[in-house]
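**Student:** Sharing start20.txt here; it has compact mmCIF, C-alpha atoms.
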# COMPACT_ATOMS: atom_id res chain seq x y z
CA PRO A 14 4.29 1.20 14.67
CA ASP A 15 2.66 4.54 15.68
CA SER A 16 -0.53 2.71 16.79
CA SER A 17 -2.68 4.67 14.31
CA ALA A 18 -3.88 1.81 12.09
CA VAL A 19 -4.36 -1.94 11.84
CA ALA A 20 -3.37 -3.99 8.79
CA PHE A 21 -5.20 -7.23 8.08
CA ARG A 22 -5.67 -9.83 5.36
CA ALA A 23 -9.18 -10.57 4.15
CA ASN A 24 -11.21 -11.89 1.24
CA ALA A 25 -13.47 -8.89 0.70
CA ASP A 26 -14.67 -9.23 -2.88
CA GLY A 27 -16.07 -12.74 -2.97
CA ILE A 28 -13.35 -14.38 -5.04
CA ALA A 29 -10.85 -16.93 -3.79
CA ASN A 30 -7.94 -14.77 -2.70
CA GLN A 31 -6.43 -12.97 0.29
CA GLU A 32 -5.68 -9.25 0.04
CA LEU A 33 -4.10 -6.71 2.39
CA PHE A 34 -6.12 -3.88 3.96
CA LEU A 35 -5.42 -0.95 6.30
CA ALA A 36 -7.94 0.66 8.68
CA PRO A 37 -7.46 3.58 11.12
CA ILE A 38 -7.71 2.37 14.72
CA ASP A 39 -10.07 5.25 15.61
CA GLY A 40 -12.59 4.18 12.95
CA SER A 41 -12.48 7.63 11.32
CA SER A 42 -12.54 6.22 7.78
CA PRO A 43 -13.29 2.89 6.08
CA ALA A 44 -10.63 0.23 5.54
CA ARG A 45 -8.81 0.51 2.23
CA ARG A 46 -7.06 -2.08 0.13
CA LEU A 47 -3.27 -1.79 -0.02
CA GLY A 48 -2.05 -2.22 -3.58
CA PRO A 49 -4.02 -3.27 -6.64
CA ASP A 50 -6.99 -5.64 -6.69
CA LEU A 51 -5.61 -9.19 -6.95
CA ASP A 52 -6.99 -11.85 -9.26
CA ALA A 53 -8.51 -15.12 -8.09
CA GLY A 54 -5.82 -17.44 -6.72
CA GLU A 55 -3.42 -14.58 -5.87
CA ASN A 56 -2.83 -14.33 -2.12
CA VAL A 57 -0.94 -11.94 0.13
CA GLN A 58 1.02 -14.22 2.44
CA ASP A 59 1.25 -14.02 6.20
CA GLY A 60 4.60 -12.67 7.39
CA TYR A 61 4.14 -9.16 5.93
CA VAL A 62 6.15 -6.40 7.63
CA LEU A 63 4.35 -3.14 8.48
CA ARG A 64 6.33 0.07 8.84
CA ALA A 65 5.23 3.67 9.51
CA ASP A 66 5.24 4.60 5.81
CA LYS A 67 5.40 1.30 3.92
CA VAL A 68 4.61 -2.39 4.00
CA LEU A 69 6.68 -5.33 2.75
CA TYR A 70 4.68 -8.33 1.63
CA GLY A 71 4.72 -11.37 -0.62
CA VAL A 72 2.12 -12.55 -3.14
CA ASP A 73 1.71 -16.17 -4.13
CA PRO A 74 -0.05 -16.39 -7.50
CA GLY A 75 0.03 -20.18 -7.53
CA ALA A 76 2.85 -20.45 -10.06
CA GLY A 77 5.52 -18.65 -8.03
CA TRP A 78 6.12 -16.12 -5.28
CA GLN A 79 6.98 -12.43 -5.59
CA ALA A 80 7.80 -9.89 -2.87
CA TYR A 81 6.83 -6.20 -2.98
CA VAL A 82 7.47 -2.95 -1.14
CA LEU A 83 4.49 -0.57 -1.05
CA ALA A 84 4.22 3.00 0.28
CA LEU A 85 1.13 3.48 2.45
CA ASP A 86 0.05 6.61 0.56
CA ALA A 87 -3.34 6.25 -1.12
CA GLY A 88 -2.92 5.28 -4.75
CA ALA A 89 0.68 4.08 -4.37
CA GLN A 90 1.70 1.13 -6.53
CA PRO A 91 3.74 -1.82 -5.24
CA VAL A 92 7.33 -2.19 -6.42
CA PRO A 93 8.61 -5.78 -6.85
CA PHE A 94 12.00 -6.62 -5.38
CA GLY A 95 14.26 -9.60 -5.75
CA PRO A 96 13.82 -12.46 -8.20
CA PRO A 97 10.56 -14.45 -8.24
CA ALA A 98 10.10 -17.72 -6.33
CA LEU A 99 11.12 -16.30 -2.94
CA VAL A 100 10.37 -18.65 -0.07
CA GLU A 101 7.09 -17.47 1.43
CA ARG A 102 7.21 -15.57 4.72
CA ALA A 103 10.96 -15.05 4.36
CA LEU A 104 10.73 -11.34 5.16
CA LEU A 105 11.92 -9.37 8.15
CA ALA A 106 13.30 -5.90 8.48
CA THR A 107 15.05 -3.19 10.46
CA SER A 108 14.26 0.43 9.57
CA THR A 109 16.59 0.38 6.57
CA GLN A 110 17.17 -3.24 5.53
CA PHE A 111 15.19 -6.42 5.07
CA LEU A 112 16.15 -10.04 4.63
CA ALA A 113 14.72 -12.24 1.87
CA MET A 114 15.25 -15.88 1.00
CA THR A 115 15.69 -16.52 -2.73
CA ASP A 116 16.80 -19.35 -4.97
CA ALA A 117 20.21 -17.67 -4.88
CA GLY A 118 20.42 -17.81 -1.08
CA LEU A 119 19.71 -15.36 1.73
CA LEU A 120 19.87 -11.72 0.58
CA SER A 121 19.98 -8.41 2.44
CA VAL A 122 18.14 -5.64 0.56
CA ALA A 123 17.73 -1.91 1.25
CA ILE A 124 14.08 -1.09 1.93
CA ASP A 125 14.22 1.90 -0.42
CA LEU A 126 15.70 -0.42 -3.09
CA SER A 127 18.62 2.02 -3.50
CA SER A 128 21.23 -0.73 -3.80
CA ALA A 129 21.54 -4.22 -5.23
CA PRO A 130 20.72 -7.19 -2.96
CA CYS A 131 23.76 -8.42 -1.01
CA PRO A 132 24.32 -12.15 -0.24
CA VAL A 133 24.43 -12.83 3.48
CA ASP A 134 26.22 -16.17 3.63
CA GLY A 135 28.60 -16.34 0.70
CA PRO A 136 28.30 -18.04 -2.68
CA ASN A 137 27.36 -21.52 -1.39
CA PRO A 138 24.67 -21.10 1.26
CA VAL A 139 23.38 -24.14 3.11
CA LEU A 140 19.70 -24.83 3.51
CA LEU A 141 18.05 -21.95 5.36
CA ILE A 142 14.73 -21.93 7.18
CA PRO A 143 14.01 -18.24 7.87
CA LEU A 144 10.30 -18.70 8.64
CA LEU A 145 10.86 -17.98 12.32
CA SER A 146 12.90 -14.81 12.36
CA ASP A 147 13.24 -11.48 14.12
CA ALA A 148 14.96 -8.12 13.72
CA ILE A 149 17.03 -6.29 16.33
CA GLU A 150 16.71 -2.62 15.48
CA PRO A 151 19.52 -0.92 17.50
CA GLY A 152 22.31 -3.08 16.16
CA GLY A 153 20.71 -3.91 12.84
CA LEU A 154 20.97 -7.64 13.53
CA LEU A 155 18.70 -10.18 11.86
CA LEU A 156 17.96 -13.59 13.40
CA PHE A 157 17.02 -16.70 11.48
CA LEU A 158 16.95 -20.47 11.71
CA GLN A 159 19.26 -22.58 9.59
CA GLY A 160 19.48 -26.29 8.93
CA ALA A 161 22.37 -27.51 11.06
CA ALA A 162 22.71 -31.26 10.52
CA PHE A 163 20.86 -34.46 9.71
CA GLU A 164 20.44 -36.95 12.53
CA THR A 165 19.21 -40.53 12.31
CA VAL A 166 16.16 -41.22 14.46
CA GLY A 167 15.08 -44.83 13.98
CA SER A 168 14.83 -45.25 10.23
CA ASP A 169 14.31 -41.51 9.57
CA GLN A 170 16.72 -38.73 8.72
CA VAL A 171 15.68 -35.66 10.75
CA GLU A 172 17.11 -32.20 10.18
CA THR A 173 18.04 -30.15 13.24
CA THR A 174 18.06 -26.35 13.21
CA GLU A 175 20.20 -23.76 14.93
CA LEU A 176 19.77 -20.04 15.63
CA ARG A 177 22.05 -17.62 13.78
CA SER A 178 22.50 -13.84 13.66
CA VAL A 179 23.74 -11.64 10.83
CA PRO A 180 24.06 -7.85 10.38
CA ALA A 181 21.30 -6.48 8.13
CA ASP A 182 23.94 -4.80 5.98
CA ALA A 183 25.70 -8.18 5.48
CA SER A 184 28.98 -6.72 6.75
CA ARG A 185 29.88 -10.19 8.05
CA PHE A 186 28.60 -13.70 7.50
CA SER A 187 26.13 -15.16 9.98
CA LEU A 188 27.20 -16.71 13.29
CA PRO A 189 25.53 -19.44 15.39
CA ILE A 190 24.34 -18.29 18.81
CA SER A 191 22.28 -21.24 20.08
CA ALA A 192 23.59 -23.87 22.45
CA PRO A 193 25.04 -27.14 21.13
CA PHE A 194 22.35 -29.78 21.48
CA PRO A 195 23.00 -33.00 23.40
CA LYS A 196 22.22 -36.32 21.76
CA LEU A 197 18.62 -37.02 22.67
CA ALA A 198 16.18 -39.81 21.86
CA VAL A 199 14.38 -37.21 19.72
CA VAL A 200 16.46 -34.66 17.82
CA GLU A 201 16.31 -31.17 19.37
CA SER A 202 15.85 -28.05 17.24
CA VAL A 203 15.30 -24.33 17.78
CA GLU A 204 11.58 -23.58 17.45
CA SER A 205 11.08 -19.87 18.22
CA MET A 206 13.11 -16.81 19.14
CA THR A 207 12.91 -13.13 20.01
CA ALA A 208 15.26 -10.25 20.84
CA ASP A 209 15.06 -7.56 23.52
CA PRO A 210 14.68 -3.89 22.46
CA SER A 211 18.37 -3.13 23.06
CA GLY A 212 19.51 -6.00 20.89
CA GLU A 213 21.71 -7.34 23.69
CA HIS A 214 19.73 -10.45 24.70
CA ILE A 215 17.98 -13.17 22.72
CA ALA A 216 15.54 -15.77 23.99
CA TYR A 217 14.81 -18.96 22.10
CA THR A 218 12.95 -22.20 22.66
CA THR A 219 13.93 -25.70 21.57
CA SER A 220 11.86 -28.82 21.09
CA GLY A 221 12.87 -32.44 21.54
CA ALA A 222 12.47 -35.09 24.21
CA VAL A 223 12.43 -32.09 26.57
CA ASN A 224 11.44 -28.57 25.49
CA ARG A 225 13.70 -25.82 26.78
CA LEU A 226 13.90 -22.02 26.98
CA PHE A 227 17.29 -20.27 26.80
CA LEU A 228 18.64 -16.74 27.18
CA VAL A 229 21.82 -15.72 25.36
CA GLU A 230 23.70 -12.55 24.44
CA SER A 231 23.26 -11.62 20.78
CA ASP A 232 27.00 -11.44 20.05
CA GLY A 233 27.23 -15.19 20.64
CA ARG A 234 30.24 -14.81 22.94
CA SER A 235 28.59 -16.24 26.06
CA GLU A 236 27.07 -19.60 26.88
CA PRO A 237 23.25 -19.71 26.75
CA VAL A 238 21.47 -19.72 30.13
CA LEU A 239 18.74 -22.35 30.60
CA VAL A 240 15.59 -20.64 31.94
CA THR A 241 13.29 -23.65 32.15
CA SER A 242 12.58 -27.13 30.82
CA SER A 243 9.11 -28.44 30.09
CA PRO A 244 7.39 -31.56 28.71
CA THR A 245 5.09 -29.27 26.68
CA LEU A 246 6.00 -27.02 23.78
CA LEU A 247 6.74 -23.54 25.10
CA ALA A 248 4.92 -20.68 23.35
CA ARG A 249 7.07 -18.05 21.67
CA PRO A 250 8.67 -15.85 24.36
CA ALA A 251 8.77 -12.03 24.24
CA PHE A 252 10.67 -9.28 26.05
CA THR A 253 8.84 -6.39 27.72
CA HIS A 254 9.07 -2.94 26.13
CA ASP A 255 11.91 -1.92 28.46
CA GLY A 256 13.81 -5.19 28.01
CA ALA A 257 13.74 -5.87 31.76
CA ARG A 258 11.69 -9.08 31.70
CA LEU A 259 11.05 -12.04 29.46
CA LEU A 260 7.52 -13.46 29.27
CA PHE A 261 6.54 -16.94 28.11
CA VAL A 262 3.66 -19.43 28.36
CA ASP A 263 4.18 -22.93 29.70
CA GLN A 264 1.59 -25.52 30.79
CA GLY A 265 -1.25 -23.02 31.00
CA ASN A 266 0.59 -20.25 32.87
CA LEU A 267 2.03 -16.93 31.74
CA TYR A 268 5.44 -16.47 33.37
CA ALA A 269 7.94 -13.62 33.73
CA VAL A 270 11.67 -13.91 34.37
CA PRO A 271 14.41 -11.22 34.54
CA ALA A 272 16.05 -10.72 31.14
CA ASP A 273 19.43 -11.78 32.53
CA GLY A 274 18.01 -15.01 33.93
CA SER A 275 19.08 -14.06 37.45
CA SER A 276 16.02 -15.50 39.24
CA VAL A 277 13.36 -18.17 38.75
CA PRO A 278 10.21 -17.48 36.70
CA THR A 279 7.08 -16.18 38.46
CA VAL A 280 3.45 -16.71 37.39
CA LEU A 281 1.63 -13.62 36.09
CA LEU A 282 -1.62 -15.25 34.95
CA SER A 283 -3.06 -18.77 35.00
CA GLY A 284 -5.06 -20.29 32.16
CA ALA A 285 -2.99 -18.60 29.45
CA ILE A 286 -2.61 -20.02 25.94
CA ALA A 287 -0.72 -17.23 24.16
CA PHE A 288 0.05 -13.52 24.51
CA ARG A 289 1.23 -10.40 22.71
CA LEU A 290 3.13 -7.49 24.25
CA ALA A 291 2.84 -3.79 23.49
CA THR A 292 6.23 -2.65 22.19
CA GLN A 293 6.07 0.82 23.80
CA ALA A 294 4.13 0.20 27.03
CA PRO A 295 4.04 -2.25 29.98
CA ALA A 296 0.98 -4.09 28.70
CA ALA A 297 0.20 -7.63 27.55
CA LEU A 298 -2.76 -9.02 25.62
CA VAL A 299 -3.39 -12.58 26.87
CA LEU A 300 -5.45 -15.34 25.25
CA THR A 301 -6.92 -17.78 27.78
CA GLY A 302 -9.18 -20.83 27.96
CA THR A 303 -9.66 -23.69 25.54
CA SER A 304 -10.96 -24.06 22.01
CA GLY A 305 -14.64 -23.10 21.99
CA ASN A 306 -14.32 -21.16 25.26
CA LEU A 307 -11.65 -18.54 24.65
CA GLY A 308 -11.03 -15.45 26.75
CA LEU A 309 -9.08 -12.23 26.07
CA PHE A 310 -7.51 -10.20 28.87
CA ALA A 311 -5.48 -7.01 29.19
CA LEU A 312 -2.67 -7.45 31.70
CA TRP A 313 -0.75 -4.38 32.80
CA LEU A 314 2.67 -5.42 34.07
CA ASP A 315 2.59 -3.20 37.16
CA GLY A 316 0.85 -5.86 39.24
CA SER A 317 -2.70 -4.78 38.37
CA ALA A 318 -5.46 -7.37 38.09
CA PRO A 319 -6.20 -8.71 34.58
CA ILE A 320 -9.06 -6.98 32.70
CA ASP A 321 -11.62 -9.03 30.75
CA LEU A 322 -11.91 -7.36 27.31
CA LEU A 323 -14.88 -9.44 26.05
CA LEU A 324 -17.47 -8.49 28.70
CA GLY A 325 -19.20 -5.96 26.44
CA LEU A 326 -19.52 -8.12 23.33
CA PRO A 327 -23.05 -8.18 21.87
CA THR A 328 -25.00 -11.43 21.67
CA GLY A 329 -24.74 -13.44 18.48
CA VAL A 330 -20.98 -13.14 18.06
CA ALA A 331 -18.10 -15.26 19.36
CA PHE A 332 -14.44 -14.36 19.78
CA SER A 333 -12.39 -16.14 17.08
CA GLY A 334 -9.07 -16.22 18.95
CA ASP A 335 -7.26 -13.75 16.66
CA ALA A 336 -6.17 -10.52 18.39
CA SER A 337 -3.50 -7.81 18.39
CA VAL A 338 -2.42 -4.98 20.68
CA THR A 339 -1.24 -1.54 19.54
CA SER A 340 2.35 -0.50 20.14
CA ASP A 341 1.34 2.10 22.74
CA GLY A 342 -0.79 -0.41 24.67
CA ARG A 343 -3.99 1.68 24.41
CA TRP A 344 -6.03 -0.54 22.09
CA ALA A 345 -6.62 -4.18 21.26
CA THR A 346 -8.29 -5.45 18.10
CA PHE A 347 -9.86 -8.85 17.68
CA SER A 348 -12.07 -10.67 15.22
CA VAL A 349 -15.41 -12.31 16.00
CA VAL A 350 -17.46 -14.94 14.21
CA GLU A 351 -21.07 -13.92 13.65
CA VAL A 352 -24.10 -16.21 13.74
CA SER A 353 -24.39 -15.70 9.98
CA GLY A 354 -20.91 -17.17 9.58
CA GLY A 355 -19.25 -13.87 8.66
CA PHE A 356 -16.43 -12.11 10.48
CA SER A 357 -16.17 -8.65 12.00
CA LEU A 358 -13.20 -6.78 13.44
CA TYR A 359 -13.60 -5.11 16.84
CA ARG A 360 -11.48 -2.66 18.80
CA VAL A 361 -11.48 -2.28 22.58
CA PRO A 362 -9.53 0.01 24.93
CA MET A 363 -7.05 -1.87 27.10
CA ASP A 364 -8.57 -0.19 30.17
CA GLY A 365 -11.65 -2.41 29.86
CA SER A 366 -14.11 0.03 28.27
CA LEU A 367 -16.75 -1.41 25.95
CA PRO A 368 -15.59 -2.89 22.61
CA ALA A 369 -16.85 -1.37 19.36
CA GLU A 370 -17.09 -2.75 15.85
CA LEU A 371 -14.29 -1.41 13.68
CA ILE A 372 -14.97 -3.23 10.42
CA SER A 373 -18.22 -5.02 9.61
CA ASP A 374 -17.90 -8.40 7.89
CA PRO A 375 -14.76 -7.97 5.73
CA GLY A 376 -15.40 -11.42 4.26
CA ALA A 377 -13.10 -14.28 5.13
CA TYR A 378 -10.64 -12.89 7.67
CA TYR A 379 -7.00 -13.97 7.93
CA GLY A 380 -5.56 -12.11 10.93
CA SER A 381 -4.31 -8.65 11.81
CA ARG A 382 -1.09 -6.85 12.61
CA LEU A 383 -0.76 -3.46 14.31
Starting from the file, lay out its structure as structure tokens.
**Tutor:**
Amino acid sequence: PDSSAVAFRANADGIANQELFLAPIDGSSPARRLGPDLDAGENVQDGYVLRADKVLYGVDPGAGWQAYVLALDAGAQPVPFGPPALVERALLATSTQFLAMTDAGLLSVAIDLSSAPCPVDGPNPVLLIPLLSDAIEPGGLLLFLQGAAFETVGSDQVETTELRSVPADASRFSLPISAPFPKLAVVESVESMTADPSGEHIAYTTSGAVNRLFLVESDGRSEPVLVTSSPTLLARPAFTHDGARLLFVDQGNLYAVPADGSSVPTVLLSGAIAFRLATQAPAALVLTGTSGNLGLFALWLDGSAPIDLLLGLPTGVAFSGDASVTSDGRWATFSVVEVSGGFSLYRVPMDGSLPAELISDPGAYYGSRL
């Protein structure tokens, strides 16, 4: 969160597993493994949550799933929390609480493990799907998807999902905040969601016969506002650092729309596939092109022209498509595939200066988070 380091998963010791590493963004010291060396077949799962002084992550040893909280101090040992067999990736957090899916239902747990886990939805929870989730820090709200109903489509029973919010301290049960779905030829479900920095507005996308993007207030007391409809699946939207605009990708364009939905979307960049926003600066990292011919651009949201971040790459390497931007918007990191087949991690200033290798061939590389 302070833009000082990048966390990433890699297979660095030649055995079949994925471990978690941390490297300073300025390259001042080598990357170090977070937690103990894992055995073959033990994998840190995607969906880990990085904080300024700790990381929350799950390990799948093949026979079950266990979540841990780990201080970022060198030599710190991970502390397991919750019962085993947690649903993988079911982790999200505010500064004091996190949400975990267990066999006993959805639980809210204090990050410092100072209190017992608290059930979020009562003693008889329905099926939950918290793989696409988000945290709203100011109000301590957590967002998650939940199975809503089973609909018959032809001869198949298809489960729809709805978007719900719940306080991280579980002071009330969760409430639905997504729009009721009309009966369509294909069942419509919530696919992705995000919250603005103030916690007042939520954006979510749905998929079905038509894919749609909505804006809604997080208290669920207002009707959702339809931003756009599209025949293609809309990429996950995101609010700018100041909460003023919502960005999303649709049909090869990166769009922006006011957070209150008061005007039509405008195109910021053509050829876009996906993007990430800096959380403390008006900057976006945009992936463009097609498979085999990918580009990476810095886009400052003040109207400046996009900046090609791959111009200074050496010969013999190719951008892999995996990239992150620091919270302060100063740096981007991305992985490249080398001619030898290995991976390296690069950093590049968002002002377009030359990229530099941050980590040389960490083995099989599984993505980064800043």
**Student:** For segment 82-93 of chain A, find every residue with an atom within 12 Å (counting all atoms listed in the file), except residues of its own chain fewer than 6 positions away, and show them as a PyMOL selection string.
**Tutor:** chain A and resi 18+20+33-36+44-50+61-72+99+104+106+110-111+122-126
**Student:** Let me make sure I understand: among A:Arg249, A:Arg225, A:Arg234, A:Arg177, which one has the smallest atom-to-atom distance to Ala287 of chain A if we use all atoms listed in the file?
**Tutor:**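 Using all atoms listed in the file, the shortest distance to Ala287 of chain A belongs to A:Arg249.
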**Student:** Quick one: of A:Gly221, A:Pro362, A:Gly265, A:Gly40, who's nearest to Ser242 of chain A, counting all atoms listed in the file?
**Tutor:** A:Gly221
**Student:** Kindly indicate which residue among A:Val262, A:Val240, A:Leu326, A:Val277 lies nearest to Thr301 of chain A, using all atoms listed in the file for the distances.
**Tutor:**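 Between A:Val262, A:Val240, A:Leu326, A:Val277, the residue approaching Thr301 of chain A most closely is A:Val262.
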**Student:** Please determine, counting only C-alpha atoms, which residue among A:Pro295, A:Pro210, A:Pro37, A:Pro244 has the shortest atom-to-atom distance to Ala272 of chain A.
**Tutor:**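 Distance minimum relative to Ala272 of chain A lands on A:Pro210.
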**Student:** Kindly give the distance, in Å, that separates atom CA of Val299 of chain A and atom CA of Ala311 of chain A, rounded to a single decimal.
**Tutor:**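 Atom CA of Ala311 of chain A lies 6.4 Å from atom CA of Val299 of chain A.
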**Student:** Identify, on the basis of only C-alpha atoms, every residue whose closest approach to Leu228 of chain A does not exceed 9 Å; exclude the query and any residue fewer than 3 positions from it along the same chain; express the result as number ranges by chain.
**Tutor:** A: 214-217, 236-240, 272-274
**Student:** Between A:Glu175, A:Pro14, A:Leu358, A:Ser283, which one has atoms that come closest to Ser340 of chain A, using all atoms listed in the file?
**Tutor:**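 Closest to Ser340 of chain A, using all atoms listed in the file: A:Pro14.
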**Student:** For the atom pair atom CA of Ser42 of chain A and atom CA of Phe310 of chain A, what is the interatomic distance in Å to one decimal place?
**Tutor:**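 Interatomic distance here is 27.2 Å.
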**Student:** I want to know what sits within 8 Å of Asn266 of chain A, based on only C-alpha atoms, with residues of the same chain fewer than 5 positions away left out; could you give that as a list in words?
**Tutor:**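 After dropping sequence-adjacent residues, the list is Val280, Leu281, Leu282, Ser283, Gly284, Ala285 and Ile286 of chain A.
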**Student:** Let me make sure I understand: among A:Arg258, A:Pro368, A:Val19, A:Ala248, which one has the smallest atom-to-atom distance to Leu309 of chain A if we use only C-alpha atoms?
**Tutor:** A:Pro368
**Student:** What gap, in Å, lies between atom CA of Leu323 of chain A and atom CA of Gln293 of chain A?
**Tutor:**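 About the pair atom CA of Leu323 of chain A and atom CA of Gln293 of chain A: they are 23.4 Å apart.
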